[in-house]
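A short worksheet on the structure shown next.
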Amino acid sequence: MNERLIRQAQSGDDTAYIALFQQYEQELYAMAYVYAKNQDDALDIVQECAYRSYKAIQQLRDVAYFKTWLIRILINCAHDLLKKRPYYEELHDTYLIEEPVELDMHFTLQSVMQHLSMEEKHVVLLKYYEDFTFEQIADVLQLKLGTTKTILYRALKKLKTKLVEEGIADEIFKG
């Protein structure tokens with residue numbers, strides 16, 4: 001069914017494109033929120049992703065990779081938004097923001113992710129948030145497979161170190 005919708009959207013059917021995009025909108029919003037750290041910016045990112053993907057739908061070569069293609073566009077939109085922010089905004093106290101996903105002891109996904117580079121964030125989100133394989137992540141981020149794995153392991157090491165510093169590691173890494 002998605003293949004049919006994609007082909008219709010590529011031929012200029014706006015209704016087909018809207019139906020197609022809406023299938024992924026909530027997932028895209030959740031991912032955008034992790035990058036943006038607030039609802040308004042997350043909505044802006046999703047809106048920009050919708051616009052860019054609509055304008056470029058004819059360039060999608062393999063319909064099987066539609067979701068991967070959309071996520072790549074979303075990441076680019078998020079990156080563009082973050083580049084426009086003053087540095088201090090990226091480091092503000094995320095505990096003051098109402099978080100949609102909380103980990104144990106008020107340690108939120110947002111506060112954990114702020115300690116990663118943008119590239120590390122991308123890999124962690126795609127691996128654990130989207131359940132992508134290493135091959136899919138490498139494809140979306142246009143990286144070599146080995147580089148993708150290295151980035152993930154480095155990010156996980158950073159996160160574990162931060163959790164140890166916060167005294168929360170024992171609660172999360174039981175067993």
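We name chains A, B, ... following the order of the structure tokens; residues begin at 1 in each chain, and ligands are numbered from 1 as shown.
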Contact residues around Leu125 of chain A with only C-alpha atoms at 10 Å, ignoring same-chain residues under 2 positions, as a ChimeraX atom specification: /A:31,34-35,113,120-123,127-132,137,152
Separation of atom CA of Leu28 of chain A from atom CA of Leu74 of chain A in Å: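 Straight-line distance from atom CA of Leu74 of chain A to atom CA of Leu28 of chain A works out to 7.2 Å.
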If we count only C-alpha atoms and set the cut-off at 12 Å, which residues sit around Met118 of chain A, ignoring sequence neighbours fewer than 6 positions away in its own chain? Please answer as a compact mmCIF listing (two decimals) with N, CA, C and O atoms, in the first residue's frame.
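To be explicit, this is the file written out as selection-v4.txt:
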```txt
# COMPACT_ATOMS: atom_id res chain seq x y z
N VAL A 34 13.43 15.07 20.71
CA VAL A 34 14.69 14.73 21.36
C VAL A 34 15.79 15.70 20.92
O VAL A 34 16.61 16.13 21.72
N TYR A 35 15.77 16.09 19.66
CA TYR A 35 16.76 17.05 19.18
C TYR A 35 16.47 18.46 19.68
O TYR A 35 17.35 19.17 20.14
N ALA A 36 15.22 18.89 19.57
CA ALA A 36 14.86 20.28 19.81
C ALA A 36 14.69 20.63 21.29
O ALA A 36 14.88 21.77 21.68
N ILE A 75 16.57 14.66 10.24
CA ILE A 75 17.85 14.92 10.89
C ILE A 75 18.48 16.20 10.32
O ILE A 75 18.98 17.04 11.07
N ASN A 76 18.41 16.36 9.02
CA ASN A 76 18.95 17.58 8.41
C ASN A 76 18.19 18.82 8.88
O ASN A 76 18.79 19.86 9.17
N ALA A 78 16.57 19.14 11.74
CA ALA A 78 16.93 19.34 13.15
C ALA A 78 18.31 19.98 13.25
O ALA A 78 18.52 20.92 14.03
N HIS A 79 19.23 19.49 12.46
CA HIS A 79 20.59 20.04 12.48
C HIS A 79 20.58 21.51 12.06
O HIS A 79 21.25 22.34 12.67
N ASP A 80 19.81 21.84 11.03
CA ASP A 80 19.71 23.23 10.57
C ASP A 80 19.15 24.13 11.67
O ASP A 80 19.63 25.23 11.89
N LEU A 82 19.27 23.59 14.96
CA LEU A 82 20.24 23.69 16.06
C LEU A 82 21.41 24.60 15.71
O LEU A 82 21.96 25.26 16.58
N LYS A 83 21.79 24.63 14.44
CA LYS A 83 22.88 25.52 14.03
C LYS A 83 22.50 26.99 14.19
O LYS A 83 23.36 27.83 14.41
N GLU A 90 21.35 25.44 23.78
CA GLU A 90 21.51 24.00 23.71
C GLU A 90 21.86 23.41 25.06
O GLU A 90 21.67 22.23 25.29
N VAL A 124 22.60 6.93 18.20
CA VAL A 124 21.86 6.38 19.34
C VAL A 124 20.36 6.41 19.08
O VAL A 124 19.65 5.43 19.32
N LEU A 125 19.87 7.52 18.57
CA LEU A 125 18.43 7.63 18.30
C LEU A 125 17.98 6.61 17.25
O LEU A 125 16.95 5.97 17.42
N LEU A 141 22.91 7.96 7.61
CA LEU A 141 23.90 8.99 7.96
C LEU A 141 25.05 9.08 6.98
O LEU A 141 25.95 9.90 7.15
N ILE A 151 31.00 4.85 16.51
CA ILE A 151 30.29 6.00 17.06
C ILE A 151 29.30 5.55 18.14
O ILE A 151 29.21 6.16 19.21
N LEU A 152 28.58 4.47 17.88
CA LEU A 152 27.62 3.98 18.86
C LEU A 152 28.32 3.55 20.14
O LEU A 152 27.91 3.92 21.24
N ALA A 155 29.50 6.51 22.07
CA ALA A 155 28.37 7.21 22.70
C ALA A 155 27.88 6.45 23.93
O ALA A 155 27.62 7.06 24.97
```
Close residues, Tyr17 of chain A itself excluded, 7 Å, only C-alpha atoms, min 5 positions apart in chain, as a list in words: Leu5, Ile6 and Ala9 of chain A
Atom pair atom CA of Lys37 of chain A / atom CA of Leu81 of chain A: separation (Å):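 These two atoms are separated by 11.6 Å.
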Residues flagged alpha helix (DSSP H) by DSSP in segment 20-71 of chain A, as a PyMOL selection string: chain A and resi 20-22+25-36+39-56+66-71
Serialized selection, C-alpha atoms, as an mmCIF file, in the first residue's frame:
```cif
data_model
loop_
_atom_site.group_PDB
_atom_site.id
_atom_site.type_symbol
_atom_site.label_atom_id
_atom_site.label_comp_id
_atom_site.auth_asym_id
_atom_site.auth_seq_id
_atom_site.Cartn_x
_atom_site.Cartn_y
_atom_site.Cartn_z
ATOM 1 C CA LEU A 20 1.811 8.817 3.521
ATOM 2 C CA PHE A 21 3.458 11.462 5.703
ATOM 3 C CA GLN A 22 0.801 11.139 8.400
ATOM 4 C CA GLU A 25 4.299 12.007 11.697
ATOM 5 C CA GLN A 26 4.119 10.951 15.377
ATOM 6 C CA GLU A 27 7.370 9.020 15.133
ATOM 7 C CA LEU A 28 9.066 11.964 13.428
ATOM 8 C CA TYR A 29 7.743 14.360 16.066
ATOM 9 C CA ALA A 30 9.079 12.196 18.897
ATOM 10 C CA MET A 31 12.490 12.106 17.282
ATOM 11 C CA ALA A 32 12.433 15.858 16.573
ATOM 12 C CA TYR A 33 11.555 16.521 20.215
ATOM 13 C CA VAL A 34 14.693 14.725 21.355
ATOM 14 C CA TYR A 35 16.763 17.048 19.180
ATOM 15 C CA ALA A 36 14.864 20.278 19.813
ATOM 16 C CA GLN A 39 7.425 21.286 21.480
ATOM 17 C CA ASP A 40 7.486 24.378 19.294
ATOM 18 C CA ASP A 41 10.853 23.653 17.732
ATOM 19 C CA ALA A 42 9.967 19.971 17.327
ATOM 20 C CA LEU A 43 6.816 20.971 15.449
ATOM 21 C CA ASP A 44 8.860 23.354 13.291
ATOM 22 C CA ILE A 45 11.288 20.553 12.465
ATOM 23 C CA VAL A 46 8.478 18.185 11.486
ATOM 24 C CA GLN A 47 6.808 20.895 9.418
ATOM 25 C CA GLU A 48 10.074 21.646 7.617
ATOM 26 C CA CYS A 49 10.612 17.920 7.073
ATOM 27 C CA ALA A 50 7.124 17.647 5.553
ATOM 28 C CA TYR A 51 7.811 20.588 3.258
ATOM 29 C CA ARG A 52 11.252 19.387 2.131
ATOM 30 C CA SER A 53 10.126 15.806 1.598
ATOM 31 C CA TYR A 54 7.043 16.956 -0.338
ATOM 32 C CA LYS A 55 9.204 19.093 -2.618
ATOM 33 C CA ALA A 56 11.713 16.272 -3.165
ATOM 34 C CA PHE A 66 10.893 5.969 2.202
ATOM 35 C CA LYS A 67 11.059 5.966 6.006
ATOM 36 C CA THR A 68 14.872 6.056 5.970
ATOM 37 C CA TRP A 69 14.726 8.933 3.488
ATOM 38 C CA LEU A 70 12.232 10.830 5.695
ATOM 39 C CA ILE A 71 14.377 10.370 8.794
#
```
